>>> print(open('upload.pdb').read())   # PDB, C-alpha atoms, pLDDT in the B column
ATOM      1  CA  MET A   1     -10.437  13.160   0.587  1.00 87.00           C
ATOM      2  CA  GLU A   2     -12.688  10.241   1.247  1.00 95.00           C
ATOM      3  CA  SER A   3     -12.193   6.850   2.819  1.00 98.00           C
ATOM      4  CA  ILE A   4     -11.718   4.046   0.315  1.00 98.00           C
ATOM      5  CA  ASN A   5     -12.890   0.585   1.315  1.00 98.00           C
ATOM      6  CA  VAL A   6     -10.639  -1.847  -0.514  1.00 98.00           C
ATOM      7  CA  ARG A   7     -12.936  -4.896  -0.289  1.00 98.00           C
ATOM      8  CA  GLU A   8     -15.928  -2.844  -1.458  1.00 98.00           C
ATOM      9  CA  LYS A   9     -13.904  -1.791  -4.493  1.00 98.00           C
ATOM     10  CA  LEU A  10     -13.032  -5.417  -5.182  1.00 98.00           C
ATOM     11  CA  ASN A  11     -16.697  -6.370  -4.896  1.00 98.00           C
ATOM     12  CA  LEU A  12     -17.322  -4.186  -7.962  1.00 98.00           C
ATOM     13  CA  ILE A  13     -14.988  -6.296 -10.102  1.00 97.00           C
ATOM     14  CA  ASP A  14     -16.282  -9.311 -11.999  1.00 97.00           C
ATOM     15  CA  ASP A  15     -13.336 -10.199 -14.212  1.00 96.00           C
ATOM     16  CA  HIS A  16      -9.783 -11.442 -13.734  1.00 96.00           C
ATOM     17  CA  TRP A  17      -6.348  -9.942 -14.438  1.00 95.00           C
ATOM     18  CA  ASN A  18      -7.803  -6.497 -15.053  1.00 95.00           C
ATOM     19  CA  PRO A  19      -6.519  -4.145 -12.336  1.00 96.00           C
ATOM     20  CA  ARG A  20      -8.553  -1.030 -11.515  1.00 97.00           C
ATOM     21  CA  ILE A  21      -7.106   2.188 -10.107  1.00 97.00           C
ATOM     22  CA  ILE A  22      -8.411   3.120  -6.647  1.00 98.00           C
ATOM     23  CA  GLY A  23      -5.947   5.857  -5.748  1.00 98.00           C
ATOM     24  CA  GLU A  24      -2.988   7.883  -6.881  1.00 97.00           C
ATOM     25  CA  LEU A  25      -0.154   9.554  -4.972  1.00 97.00           C
ATOM     26  CA  ASN A  26       3.334  10.828  -5.727  1.00 97.00           C
ATOM     27  CA  GLY A  27       3.260   9.481  -9.271  1.00 96.00           C
ATOM     28  CA  GLN A  28       2.295   6.029  -8.008  1.00 97.00           C
ATOM     29  CA  GLN A  29      -1.023   4.243  -8.311  1.00 97.00           C
ATOM     30  CA  VAL A  30      -2.910   1.935  -6.009  1.00 98.00           C
ATOM     31  CA  LYS A  31      -4.794  -0.737  -7.906  1.00 98.00           C
ATOM     32  CA  VAL A  32      -6.940  -3.716  -7.006  1.00 98.00           C
ATOM     33  CA  ALA A  33      -7.584  -6.853  -9.021  1.00 98.00           C
ATOM     34  CA  LYS A  34      -9.152 -10.256  -8.838  1.00 98.00           C
ATOM     35  CA  ILE A  35      -6.899 -12.870 -10.371  1.00 98.00           C
ATOM     36  CA  GLU A  36      -7.234 -16.563 -11.049  1.00 98.00           C
ATOM     37  CA  GLY A  37      -5.055 -18.970 -12.961  1.00 97.00           C
ATOM     38  CA  GLU A  38      -1.567 -18.386 -14.311  1.00 96.00           C
ATOM     39  CA  PHE A  39      -0.271 -15.052 -15.524  1.00 94.00           C
ATOM     40  CA  VAL A  40       2.511 -14.627 -18.043  1.00 93.00           C
ATOM     41  CA  TRP A  41       6.230 -14.478 -17.230  1.00 96.00           C
ATOM     42  CA  HIS A  42       7.339 -10.831 -17.421  1.00 94.00           C
ATOM     43  CA  ASN A  43       9.353  -8.119 -15.744  1.00 94.00           C
ATOM     44  CA  HIS A  44       9.144  -4.348 -15.468  1.00 94.00           C
ATOM     45  CA  LYS A  45      12.346  -2.771 -16.680  1.00 93.00           C
ATOM     46  CA  ASN A  46      12.065   0.423 -14.636  1.00 94.00           C
ATOM     47  CA  GLU A  47       9.436  -0.191 -11.985  1.00 95.00           C
ATOM     48  CA  ASP A  48       9.380  -1.958  -8.636  1.00 97.00           C
ATOM     49  CA  GLU A  49       5.990  -3.505  -7.915  1.00 97.00           C
ATOM     50  CA  LEU A  50       4.266  -4.265  -4.616  1.00 98.00           C
ATOM     51  CA  PHE A  51       1.670  -7.039  -4.247  1.00 98.00           C
ATOM     52  CA  TYR A  52      -0.482  -7.058  -1.070  1.00 98.00           C
ATOM     53  CA  ILE A  53      -2.932  -9.893  -0.540  1.00 98.00           C
ATOM     54  CA  ILE A  54      -6.483  -8.960   0.486  1.00 98.00           C
ATOM     55  CA  LYS A  55      -7.948 -12.479   0.152  1.00 98.00           C
ATOM     56  CA  GLY A  56      -6.702 -15.889  -0.914  1.00 98.00           C
ATOM     57  CA  LYS A  57      -3.309 -17.399  -1.627  1.00 98.00           C
ATOM     58  CA  LEU A  58      -0.973 -16.148  -4.339  1.00 98.00           C
ATOM     59  CA  ILE A  59       2.123 -17.908  -5.581  1.00 98.00           C
ATOM     60  CA  ILE A  60       4.732 -15.780  -7.310  1.00 98.00           C
ATOM     61  CA  GLU A  61       7.229 -17.787  -9.316  1.00 98.00           C
ATOM     62  CA  PHE A  62      10.694 -16.371  -9.821  1.00 98.00           C
ATOM     63  CA  ARG A  63      13.378 -17.966 -11.972  1.00 98.00           C
ATOM     64  CA  ASP A  64      15.089 -19.466  -8.917  1.00 97.00           C
ATOM     65  CA  LYS A  65      12.300 -19.933  -6.359  1.00 97.00           C
ATOM     66  CA  GLU A  66       8.653 -19.399  -5.613  1.00 97.00           C
ATOM     67  CA  VAL A  67       7.068 -17.373  -2.824  1.00 98.00           C
ATOM     68  CA  GLU A  68       3.658 -18.052  -1.271  1.00 98.00           C
ATOM     69  CA  LEU A  69       1.645 -15.062  -0.106  1.00 98.00           C
ATOM     70  CA  ASN A  70      -1.464 -15.210   2.037  1.00 98.00           C
ATOM     71  CA  GLU A  71      -3.947 -12.619   3.317  1.00 98.00           C
ATOM     72  CA  GLY A  72      -2.169  -9.693   4.979  1.00 98.00           C
ATOM     73  CA  GLU A  73       1.172 -10.496   3.358  1.00 98.00           C
ATOM     74  CA  MET A  74       3.025  -8.511   0.722  1.00 98.00           C
ATOM     75  CA  ILE A  75       6.065  -8.712  -1.494  1.00 98.00           C
ATOM     76  CA  ILE A  76       8.055  -6.137  -3.426  1.00 98.00           C
ATOM     77  CA  VAL A  77       9.296  -7.343  -6.812  1.00 98.00           C
ATOM     78  CA  PRO A  78      12.272  -5.188  -7.847  1.00 97.00           C
ATOM     79  CA  LYS A  79      12.513  -3.795 -11.353  1.00 96.00           C
ATOM     80  CA  GLY A  80      13.975  -6.134 -13.924  1.00 96.00           C
ATOM     81  CA  VAL A  81      13.141  -9.324 -12.026  1.00 97.00           C
ATOM     82  CA  ASP A  82      11.187 -11.941 -13.977  1.00 97.00           C
ATOM     83  CA  HIS A  83       8.057 -13.083 -12.157  1.00 97.00           C
ATOM     84  CA  LYS A  84       4.898 -15.044 -12.823  1.00 97.00           C
ATOM     85  CA  PRO A  85       1.882 -14.793 -10.485  1.00 97.00           C
ATOM     86  CA  ILE A  86      -0.203 -17.953 -10.075  1.00 98.00           C
ATOM     87  CA  ALA A  87      -3.562 -18.121  -8.307  1.00 98.00           C
ATOM     88  CA  GLU A  88      -4.877 -21.666  -8.030  1.00 98.00           C
ATOM     89  CA  GLN A  89      -8.138 -20.196  -6.749  1.00 98.00           C
ATOM     90  CA  GLU A  90      -9.350 -16.607  -7.004  1.00 98.00           C
ATOM     91  CA  VAL A  91      -7.134 -14.124  -5.164  1.00 98.00           C
ATOM     92  CA  TRP A  92      -7.879 -10.486  -4.345  1.00 98.00           C
ATOM     93  CA  ILE A  93      -4.816  -8.277  -4.533  1.00 98.00           C
ATOM     94  CA  MET A  94      -3.837  -4.657  -4.029  1.00 98.00           C
ATOM     95  CA  LEU A  95      -0.934  -3.283  -6.082  1.00 97.00           C
ATOM     96  CA  PHE A  96       1.337  -0.277  -5.610  1.00 97.00           C
ATOM     97  CA  GLU A  97       3.315   0.707  -8.663  1.00 95.00           C
ATOM     98  CA  PRO A  98       4.299   3.714 -10.778  1.00 95.00           C
ATOM     99  CA  LYS A  99       1.562   5.355 -12.782  1.00 93.00           C
ATOM    100  CA  ASN A 100       2.763   4.398 -16.239  1.00 82.00           C
ATOM    101  CA  ILE A 101       3.743   0.797 -15.632  1.00 85.00           C
ATOM    102  CA  LYS A 102       2.828  -1.721 -18.332  1.00 83.00           C
ATOM    103  CA  HIS A 103       0.711  -4.561 -17.040  1.00 78.00           C
ATOM    104  CA  THR A 104       2.735  -7.366 -18.572  1.00 84.00           C
ATOM    105  CA  GLY A 105       6.013  -5.462 -18.617  1.00 83.00           C
ATOM    106  CA  ASN A 106       8.150  -6.350 -21.587  1.00 80.00           C
ATOM    107  CA  VAL A 107       5.657  -8.898 -22.932  1.00 84.00           C
ATOM    108  CA  GLU A 108       2.664  -8.347 -25.193  1.00 82.00           C
ATOM    109  CA  HIS A 109      -0.022 -10.866 -24.299  1.00 84.00           C
ATOM    110  CA  LYS A 110      -3.757 -11.326 -24.572  1.00 82.00           C
ATOM    111  CA  LEU A 111      -3.948 -10.442 -20.879  1.00 81.00           C
ATOM    112  CA  THR A 112      -2.178  -7.107 -21.433  1.00 84.00           C
ATOM    113  CA  VAL A 113      -4.442  -4.244 -20.349  1.00 85.00           C
ATOM    114  CA  LYS A 114      -3.993  -1.206 -22.591  1.00 79.00           C
ATOM    115  CA  LYS A 115      -5.496   1.358 -20.250  1.00 86.00           C
ATOM    116  CA  PHE A 116      -6.366   0.901 -16.603  1.00 90.00           C
ATOM    117  CA  LYS A 117      -9.759   2.175 -15.460  1.00 92.00           C
ATOM    118  CA  LYS A 118     -10.619   3.860 -12.203  1.00 94.00           C
ATOM    119  CA  ILE A 119     -13.173   2.288  -9.943  1.00 92.00           C
TER     120      ILE A 119
ATOM    121  CA  MET B   1      12.387 -11.132  -2.323  1.00 87.00           C
ATOM    122  CA  GLU B   2      10.548 -12.471   0.666  1.00 95.00           C
ATOM    123  CA  SER B   3       6.968 -12.302   1.830  1.00 98.00           C
ATOM    124  CA  ILE B   4       6.344  -9.661   4.474  1.00 98.00           C
ATOM    125  CA  ASN B   5       3.572 -10.318   6.986  1.00 98.00           C
ATOM    126  CA  VAL B   6       2.250  -6.918   7.999  1.00 98.00           C
ATOM    127  CA  ARG B   7       0.616  -7.993  11.269  1.00 98.00           C
ATOM    128  CA  GLU B   8       3.747  -9.888  12.319  1.00 98.00           C
ATOM    129  CA  LYS B   9       5.762  -6.720  11.750  1.00 98.00           C
ATOM    130  CA  LEU B  10       3.291  -4.769  13.865  1.00 98.00           C
ATOM    131  CA  ASN B  11       3.562  -7.375  16.623  1.00 98.00           C
ATOM    132  CA  LEU B  12       7.230  -6.386  16.968  1.00 98.00           C
ATOM    133  CA  ILE B  13       6.309  -2.801  17.848  1.00 97.00           C
ATOM    134  CA  ASP B  14       5.680  -1.775  21.441  1.00 97.00           C
ATOM    135  CA  ASP B  15       5.506   1.994  21.201  1.00 96.00           C
ATOM    136  CA  HIS B  16       3.221   4.565  19.601  1.00 96.00           C
ATOM    137  CA  TRP B  17       3.676   7.134  16.817  1.00 95.00           C
ATOM    138  CA  ASN B  18       7.002   5.634  15.772  1.00 95.00           C
ATOM    139  CA  PRO B  19       6.622   4.250  12.232  1.00 96.00           C
ATOM    140  CA  ARG B  20       8.997   1.489  11.106  1.00 97.00           C
ATOM    141  CA  ILE B  21      10.003   0.856   7.507  1.00 97.00           C
ATOM    142  CA  ILE B  22       8.947  -2.552   6.159  1.00 98.00           C
ATOM    143  CA  GLY B  23       9.603  -1.995   2.463  1.00 98.00           C
ATOM    144  CA  GLU B  24      10.867   0.381  -0.168  1.00 97.00           C
ATOM    145  CA  LEU B  25      10.020   0.782  -3.848  1.00 97.00           C
ATOM    146  CA  ASN B  26      10.341   3.479  -6.481  1.00 97.00           C
ATOM    147  CA  GLY B  27      11.580   6.049  -3.969  1.00 96.00           C
ATOM    148  CA  GLN B  28       8.588   5.375  -1.720  1.00 97.00           C
ATOM    149  CA  GLN B  29       8.513   3.600   1.615  1.00 97.00           C
ATOM    150  CA  VAL B  30       6.002   1.307   3.239  1.00 98.00           C
ATOM    151  CA  LYS B  31       5.825   1.811   6.983  1.00 98.00           C
ATOM    152  CA  VAL B  32       3.768   0.406   9.820  1.00 98.00           C
ATOM    153  CA  ALA B  33       2.946   1.998  13.153  1.00 98.00           C
ATOM    154  CA  LYS B  34       0.847   1.574  16.237  1.00 98.00           C
ATOM    155  CA  ILE B  35      -0.781   4.820  17.239  1.00 98.00           C
ATOM    156  CA  GLU B  36      -2.939   5.912  20.124  1.00 98.00           C
ATOM    157  CA  GLY B  37      -4.175   9.313  21.205  1.00 97.00           C
ATOM    158  CA  GLU B  38      -3.995  12.563  19.272  1.00 96.00           C
ATOM    159  CA  PHE B  39      -1.230  13.473  16.873  1.00 94.00           C
ATOM    160  CA  VAL B  40      -0.221  17.035  16.027  1.00 93.00           C
ATOM    161  CA  TRP B  41      -1.753  19.157  13.246  1.00 96.00           C
ATOM    162  CA  HIS B  42       0.650  19.199  10.302  1.00 94.00           C
ATOM    163  CA  ASN B  43       0.966  18.908   6.562  1.00 94.00           C
ATOM    164  CA  HIS B  44       3.579  17.663   4.114  1.00 94.00           C
ATOM    165  CA  LYS B  45       4.476  20.385   1.674  1.00 93.00           C
ATOM    166  CA  ASN B  46       5.603  18.100  -1.144  1.00 94.00           C
ATOM    167  CA  GLU B  47       4.343  14.624  -0.325  1.00 95.00           C
ATOM    168  CA  ASP B  48       1.017  12.840  -0.646  1.00 97.00           C
ATOM    169  CA  GLU B  49       0.493  10.289   2.117  1.00 97.00           C
ATOM    170  CA  LEU B  50      -1.553   7.105   2.194  1.00 98.00           C
ATOM    171  CA  PHE B  51      -2.992   5.649   5.423  1.00 98.00           C
ATOM    172  CA  TYR B  52      -4.301   2.056   5.338  1.00 98.00           C
ATOM    173  CA  ILE B  53      -5.933   0.620   8.442  1.00 98.00           C
ATOM    174  CA  ILE B  54      -4.796  -2.833   9.566  1.00 98.00           C
ATOM    175  CA  LYS B  55      -6.690  -2.821  12.890  1.00 98.00           C
ATOM    176  CA  GLY B  56      -8.874  -0.421  14.816  1.00 98.00           C
ATOM    177  CA  LYS B  57     -10.583   2.878  14.020  1.00 98.00           C
ATOM    178  CA  LEU B  58      -8.712   6.010  12.984  1.00 98.00           C
ATOM    179  CA  ILE B  59     -10.175   9.495  12.775  1.00 98.00           C
ATOM    180  CA  ILE B  60      -8.372  11.979  10.570  1.00 98.00           C
ATOM    181  CA  GLU B  61      -9.356  15.570  11.228  1.00 98.00           C
ATOM    182  CA  PHE B  62      -9.091  18.055   8.399  1.00 98.00           C
ATOM    183  CA  ARG B  63      -9.738  21.780   8.751  1.00 98.00           C
ATOM    184  CA  ASP B  64     -13.239  21.422   7.298  1.00 97.00           C
ATOM    185  CA  LYS B  65     -14.281  17.852   8.143  1.00 97.00           C
ATOM    186  CA  GLU B  66     -13.244  14.594   9.715  1.00 97.00           C
ATOM    187  CA  VAL B  67     -13.009  11.147   8.134  1.00 98.00           C
ATOM    188  CA  GLU B  68     -13.412   7.849   9.989  1.00 98.00           C
ATOM    189  CA  LEU B  69     -11.344   4.906   8.765  1.00 98.00           C
ATOM    190  CA  ASN B  70     -11.828   1.308   9.816  1.00 98.00           C
ATOM    191  CA  GLU B  71      -9.984  -1.935   9.100  1.00 98.00           C
ATOM    192  CA  GLY B  72      -9.433  -2.432   5.370  1.00 98.00           C
ATOM    193  CA  GLU B  73     -10.045   1.224   4.555  1.00 98.00           C
ATOM    194  CA  MET B  74      -7.552   3.783   3.301  1.00 98.00           C
ATOM    195  CA  ILE B  75      -7.263   7.463   2.547  1.00 98.00           C
ATOM    196  CA  ILE B  76      -4.824   9.536   0.526  1.00 98.00           C
ATOM    197  CA  VAL B  77      -3.984  12.906   2.067  1.00 98.00           C
ATOM    198  CA  PRO B  78      -2.702  15.203  -0.690  1.00 97.00           C
ATOM    199  CA  LYS B  79       0.404  17.308  -0.162  1.00 96.00           C
ATOM    200  CA  GLY B  80      -0.161  20.585   1.603  1.00 96.00           C
ATOM    201  CA  VAL B  81      -3.377  19.535   3.322  1.00 97.00           C
ATOM    202  CA  ASP B  82      -3.460  20.008   7.099  1.00 97.00           C
ATOM    203  CA  HIS B  83      -4.445  16.863   8.942  1.00 97.00           C
ATOM    204  CA  LYS B  84      -4.480  15.463  12.464  1.00 97.00           C
ATOM    205  CA  PRO B  85      -4.821  11.728  13.119  1.00 97.00           C
ATOM    206  CA  ILE B  86      -6.714  10.720  16.255  1.00 98.00           C
ATOM    207  CA  ALA B  87      -6.886   7.173  17.643  1.00 98.00           C
ATOM    208  CA  GLU B  88      -9.219   6.902  20.620  1.00 98.00           C
ATOM    209  CA  GLN B  89      -7.944   3.365  21.093  1.00 98.00           C
ATOM    210  CA  GLU B  90      -4.819   1.783  19.641  1.00 98.00           C
ATOM    211  CA  VAL B  91      -4.841   1.602  15.844  1.00 98.00           C
ATOM    212  CA  TRP B  92      -2.487  -0.348  13.582  1.00 98.00           C
ATOM    213  CA  ILE B  93      -1.708   1.437  10.345  1.00 98.00           C
ATOM    214  CA  MET B  94       0.295   0.947   7.177  1.00 98.00           C
ATOM    215  CA  LEU B  95       1.671   4.049   5.416  1.00 97.00           C
ATOM    216  CA  PHE B  96       2.848   4.655   1.864  1.00 97.00           C
ATOM    217  CA  GLU B  97       4.830   7.823   1.374  1.00 95.00           C
ATOM    218  CA  PRO B  98       7.997   9.183  -0.225  1.00 95.00           C
ATOM    219  CA  LYS B  99      11.277   8.091   1.301  1.00 93.00           C
ATOM    220  CA  ASN B 100      12.345  11.420   2.726  1.00 82.00           C
ATOM    221  CA  ILE B 101       9.059  12.620   4.201  1.00 85.00           C
ATOM    222  CA  LYS B 102       9.205  14.298   7.592  1.00 83.00           C
ATOM    223  CA  HIS B 103       7.016  12.631  10.167  1.00 78.00           C
ATOM    224  CA  THR B 104       5.296  15.751  11.414  1.00 83.00           C
ATOM    225  CA  GLY B 105       5.700  17.699   8.180  1.00 83.00           C
ATOM    226  CA  ASN B 106       6.238  21.379   8.791  1.00 79.00           C
ATOM    227  CA  VAL B 107       5.988  21.059  12.578  1.00 84.00           C
ATOM    228  CA  GLU B 108       8.707  20.215  15.095  1.00 82.00           C
ATOM    229  CA  HIS B 109       7.143  18.303  17.962  1.00 83.00           C
ATOM    230  CA  LYS B 110       8.127  15.886  20.694  1.00 82.00           C
ATOM    231  CA  LEU B 111       6.537  13.156  18.563  1.00 81.00           C
ATOM    232  CA  THR B 112       8.764  13.988  15.577  1.00 84.00           C
ATOM    233  CA  VAL B 113      10.877  10.969  14.619  1.00 85.00           C
ATOM    234  CA  LYS B 114      14.312  11.977  13.388  1.00 79.00           C
ATOM    235  CA  LYS B 115      15.177   8.750  11.613  1.00 86.00           C
ATOM    236  CA  PHE B 116      12.868   5.888  10.806  1.00 90.00           C
ATOM    237  CA  LYS B 117      14.113   2.394  11.551  1.00 93.00           C
ATOM    238  CA  LYS B 118      13.587  -0.748   9.533  1.00 94.00           C
ATOM    239  CA  ILE B 119      11.834  -3.658  11.124  1.00 93.00           C
TER     240      ILE B 119
END
>>> encode(input="upload.pdb", output="structure tokens")
Amino acid sequence: MESINVREKLNLIDDHWNPRIIGELNGQQVKVAKIEGEFVWHNHKNEDELFYIIKGKLIIEFRDKEVELNEGEMIIVPKGVDHKPIAEQEVWIMLFEPKNIKHTGNVEHKLTVKKFKKI
Amino acid sequence: MESINVREKLNLIDDHWNPRIIGELNGQQVKVAKIEGEFVWHNHKNEDELFYIIKGKLIIEFRDKEVELNEGEMIIVPKGVDHKPIAEQEVWIMLFEPKNIKHTGNVEHKLTVKKFKKI
């Protein structure tokens, strides 16, 4: 049991859209990622997903609206709901989601990460 | 699906050791609390628990060591591990834990919250 400094973990990352695992509990994982640009439309059939913003401004597009998230804000995207994250500039995020979630949900894409690494 | 501002939620709280639910996903809950002083030694038999520090300095005592946590830092306390949070001054925390966790684990105490409220 050690303290985990979230920004220090993010400082170790030098790529985008490649979440790293920083903790695990109750079958869920905590991940961090730097993201920039547009992600792909997708949903997670069986998993709710939490986005928490460490730095920057994230837009999440839904089919019927978009939500803006700034530092210290979070959103929970329920399972089955199509969403598309957009970061006009680099954004640092923390994610809470089940251990075996697929990165791009039901979509295979060049951004799909096959296996998440710990950091 | 709305954005949730964690500090704004904490601004609504005017008591200590009384976590409020701000989100729920995959059978887990996200809670926030203001805490000050010493909590009671306890453990959670079946639940891992994540503490994330929004503001202030939290000490968590374990039987064999203590860990200091500052803003932007987190710790995961595995199930079954005795712990005692101590906040010398007020600390704002965010918690991730299973929905049906008992506040003080295996201990009944005046600080035990019977039912967590949403905020």
>>> interface_residues(input="upload.pdb", of="chain A", to="chain B", cutoff="9 Å", atoms="all atoms listed in the file", output="PyMOL selection string")
chain A and resi 1-7+23-26+28+46-50+54+67-78+96-98
>>> resolve_selection(input="upload.pdb", expression="the PyMOL selection byres ((chain B and resi 86) around 12)", output="PyMOL selection string")
chain B and resi 17+34-41+56-62+66-69+83-85+87-91
>>> calpha_fit_and_write(input="upload.pdb", fixed="chain B", moving="chain A", output="JSON list (two decimals) with C-alpha atoms, keeping the file's coordinate frame")
[["chain", "number", "residue", "atom", "x", "y", "z"],
["A", 1, "MET", "CA", 12.37, -11.12, -2.33],
["A", 2, "GLU", "CA", 10.54, -12.47, 0.65],
["A", 3, "SER", "CA", 6.97, -12.31, 1.83],
["A", 4, "ILE", "CA", 6.34, -9.67, 4.47],
["A", 5, "ASN", "CA", 3.58, -10.32, 6.98],
["A", 6, "VAL", "CA", 2.25, -6.92, 7.99],
["A", 7, "ARG", "CA", 0.62, -7.99, 11.27],
["A", 8, "GLU", "CA", 3.75, -9.90, 12.32],
["A", 9, "LYS", "CA", 5.76, -6.73, 11.75],
["A", 10, "LEU", "CA", 3.29, -4.78, 13.87],
["A", 11, "ASN", "CA", 3.56, -7.38, 16.61],
["A", 12, "LEU", "CA", 7.22, -6.39, 16.97],
["A", 13, "ILE", "CA", 6.30, -2.80, 17.85],
["A", 14, "ASP", "CA", 5.69, -1.79, 21.45],
["A", 15, "ASP", "CA", 5.50, 1.99, 21.20],
["A", 16, "HIS", "CA", 3.21, 4.56, 19.60],
["A", 17, "TRP", "CA", 3.67, 7.14, 16.83],
["A", 18, "ASN", "CA", 6.99, 5.64, 15.77],
["A", 19, "PRO", "CA", 6.62, 4.25, 12.24],
["A", 20, "ARG", "CA", 9.00, 1.49, 11.11],
["A", 21, "ILE", "CA", 10.01, 0.85, 7.51],
["A", 22, "ILE", "CA", 8.95, -2.55, 6.16],
["A", 23, "GLY", "CA", 9.61, -2.01, 2.46],
["A", 24, "GLU", "CA", 10.87, 0.37, -0.16],
["A", 25, "LEU", "CA", 10.02, 0.79, -3.85],
["A", 26, "ASN", "CA", 10.34, 3.49, -6.48],
["A", 27, "GLY", "CA", 11.57, 6.05, -3.98],
["A", 28, "GLN", "CA", 8.59, 5.37, -1.72],
["A", 29, "GLN", "CA", 8.51, 3.60, 1.62],
["A", 30, "VAL", "CA", 6.00, 1.31, 3.24],
["A", 31, "LYS", "CA", 5.82, 1.81, 6.98],
["A", 32, "VAL", "CA", 3.77, 0.40, 9.83],
["A", 33, "ALA", "CA", 2.94, 2.00, 13.16],
["A", 34, "LYS", "CA", 0.85, 1.57, 16.24],
["A", 35, "ILE", "CA", -0.79, 4.82, 17.23],
["A", 36, "GLU", "CA", -2.94, 5.91, 20.13],
["A", 37, "GLY", "CA", -4.17, 9.31, 21.20],
["A", 38, "GLU", "CA", -3.99, 12.56, 19.28],
["A", 39, "PHE", "CA", -1.23, 13.48, 16.87],
["A", 40, "VAL", "CA", -0.22, 17.02, 16.01],
["A", 41, "TRP", "CA", -1.76, 19.15, 13.25],
["A", 42, "HIS", "CA", 0.65, 19.19, 10.30],
["A", 43, "ASN", "CA", 0.96, 18.91, 6.55],
["A", 44, "HIS", "CA", 3.58, 17.67, 4.12],
["A", 45, "LYS", "CA", 4.48, 20.38, 1.67],
["A", 46, "ASN", "CA", 5.62, 18.09, -1.14],
["A", 47, "GLU", "CA", 4.35, 14.62, -0.31],
["A", 48, "ASP", "CA", 1.02, 12.85, -0.64],
["A", 49, "GLU", "CA", 0.50, 10.30, 2.13],
["A", 50, "LEU", "CA", -1.56, 7.11, 2.20],
["A", 51, "PHE", "CA", -2.99, 5.66, 5.43],
["A", 52, "TYR", "CA", -4.31, 2.06, 5.34],
["A", 53, "ILE", "CA", -5.93, 0.63, 8.44],
["A", 54, "ILE", "CA", -4.79, -2.83, 9.57],
["A", 55, "LYS", "CA", -6.68, -2.83, 12.90],
["A", 56, "GLY", "CA", -8.87, -0.41, 14.81],
["A", 57, "LYS", "CA", -10.57, 2.88, 14.02],
["A", 58, "LEU", "CA", -8.71, 6.01, 12.99],
["A", 59, "ILE", "CA", -10.17, 9.49, 12.77],
["A", 60, "ILE", "CA", -8.37, 11.98, 10.56],
["A", 61, "GLU", "CA", -9.35, 15.57, 11.22],
["A", 62, "PHE", "CA", -9.08, 18.06, 8.40],
["A", 63, "ARG", "CA", -9.74, 21.78, 8.74],
["A", 64, "ASP", "CA", -13.24, 21.41, 7.28],
["A", 65, "LYS", "CA", -14.29, 17.85, 8.15],
["A", 66, "GLU", "CA", -13.24, 14.60, 9.72],
["A", 67, "VAL", "CA", -13.01, 11.16, 8.14],
["A", 68, "GLU", "CA", -13.41, 7.85, 9.98],
["A", 69, "LEU", "CA", -11.35, 4.91, 8.77],
["A", 70, "ASN", "CA", -11.82, 1.32, 9.82],
["A", 71, "GLU", "CA", -9.97, -1.94, 9.10],
["A", 72, "GLY", "CA", -9.43, -2.43, 5.37],
["A", 73, "GLU", "CA", -10.04, 1.23, 4.55],
["A", 74, "MET", "CA", -7.54, 3.79, 3.31],
["A", 75, "ILE", "CA", -7.26, 7.47, 2.56],
["A", 76, "ILE", "CA", -4.82, 9.54, 0.54],
["A", 77, "VAL", "CA", -3.98, 12.91, 2.07],
["A", 78, "PRO", "CA", -2.70, 15.21, -0.69],
["A", 79, "LYS", "CA", 0.40, 17.31, -0.17],
["A", 80, "GLY", "CA", -0.16, 20.60, 1.60],
["A", 81, "VAL", "CA", -3.38, 19.54, 3.32],
["A", 82, "ASP", "CA", -3.46, 20.02, 7.10],
["A", 83, "HIS", "CA", -4.45, 16.86, 8.95],
["A", 84, "LYS", "CA", -4.48, 15.48, 12.46],
["A", 85, "PRO", "CA", -4.82, 11.72, 13.11],
["A", 86, "ILE", "CA", -6.71, 10.71, 16.25],
["A", 87, "ALA", "CA", -6.89, 7.18, 17.64],
["A", 88, "GLU", "CA", -9.22, 6.91, 20.62],
["A", 89, "GLN", "CA", -7.94, 3.36, 21.10],
["A", 90, "GLU", "CA", -4.81, 1.78, 19.65],
["A", 91, "VAL", "CA", -4.84, 1.59, 15.85],
["A", 92, "TRP", "CA", -2.48, -0.36, 13.59],
["A", 93, "ILE", "CA", -1.71, 1.45, 10.36],
["A", 94, "MET", "CA", 0.29, 0.95, 7.19],
["A", 95, "LEU", "CA", 1.66, 4.05, 5.43],
["A", 96, "PHE", "CA", 2.84, 4.66, 1.87],
["A", 97, "GLU", "CA", 4.83, 7.83, 1.39],
["A", 98, "PRO", "CA", 8.01, 9.17, -0.21],
["A", 99, "LYS", "CA", 11.28, 8.09, 1.32],
["A", 100, "ASN", "CA", 12.35, 11.42, 2.75],
["A", 101, "ILE", "CA", 9.07, 12.61, 4.20],
["A", 102, "LYS", "CA", 9.20, 14.30, 7.60],
["A", 103, "HIS", "CA", 7.00, 12.62, 10.16],
["A", 104, "THR", "CA", 5.29, 15.76, 11.42],
["A", 105, "GLY", "CA", 5.68, 17.70, 8.18],
["A", 106, "ASN", "CA", 6.22, 21.38, 8.77],
["A", 107, "VAL", "CA", 5.97, 21.06, 12.56],
["A", 108, "GLU", "CA", 8.69, 20.22, 15.07],
["A", 109, "HIS", "CA", 7.15, 18.31, 17.95],
["A", 110, "LYS", "CA", 8.13, 15.89, 20.67],
["A", 111, "LEU", "CA", 6.55, 13.15, 18.56],
["A", 112, "THR", "CA", 8.76, 13.98, 15.56],
["A", 113, "VAL", "CA", 10.86, 10.95, 14.62],
["A", 114, "LYS", "CA", 14.30, 11.99, 13.39],
["A", 115, "LYS", "CA", 15.18, 8.77, 11.61],
["A", 116, "PHE", "CA", 12.86, 5.89, 10.80],
["A", 117, "LYS", "CA", 14.12, 2.39, 11.56],
["A", 118, "LYS", "CA", 13.60, -0.75, 9.54],
["A", 119, "ILE", "CA", 11.85, -3.67, 11.11]]
>>> resolve_selection(input="upload.pdb", expression="the PyMOL selection byres ((chain B and resi 19) around 6)", output="list of chain:residue names")
B:Asn18, B:Arg20, B:Lys31, B:Val32, B:Ala33
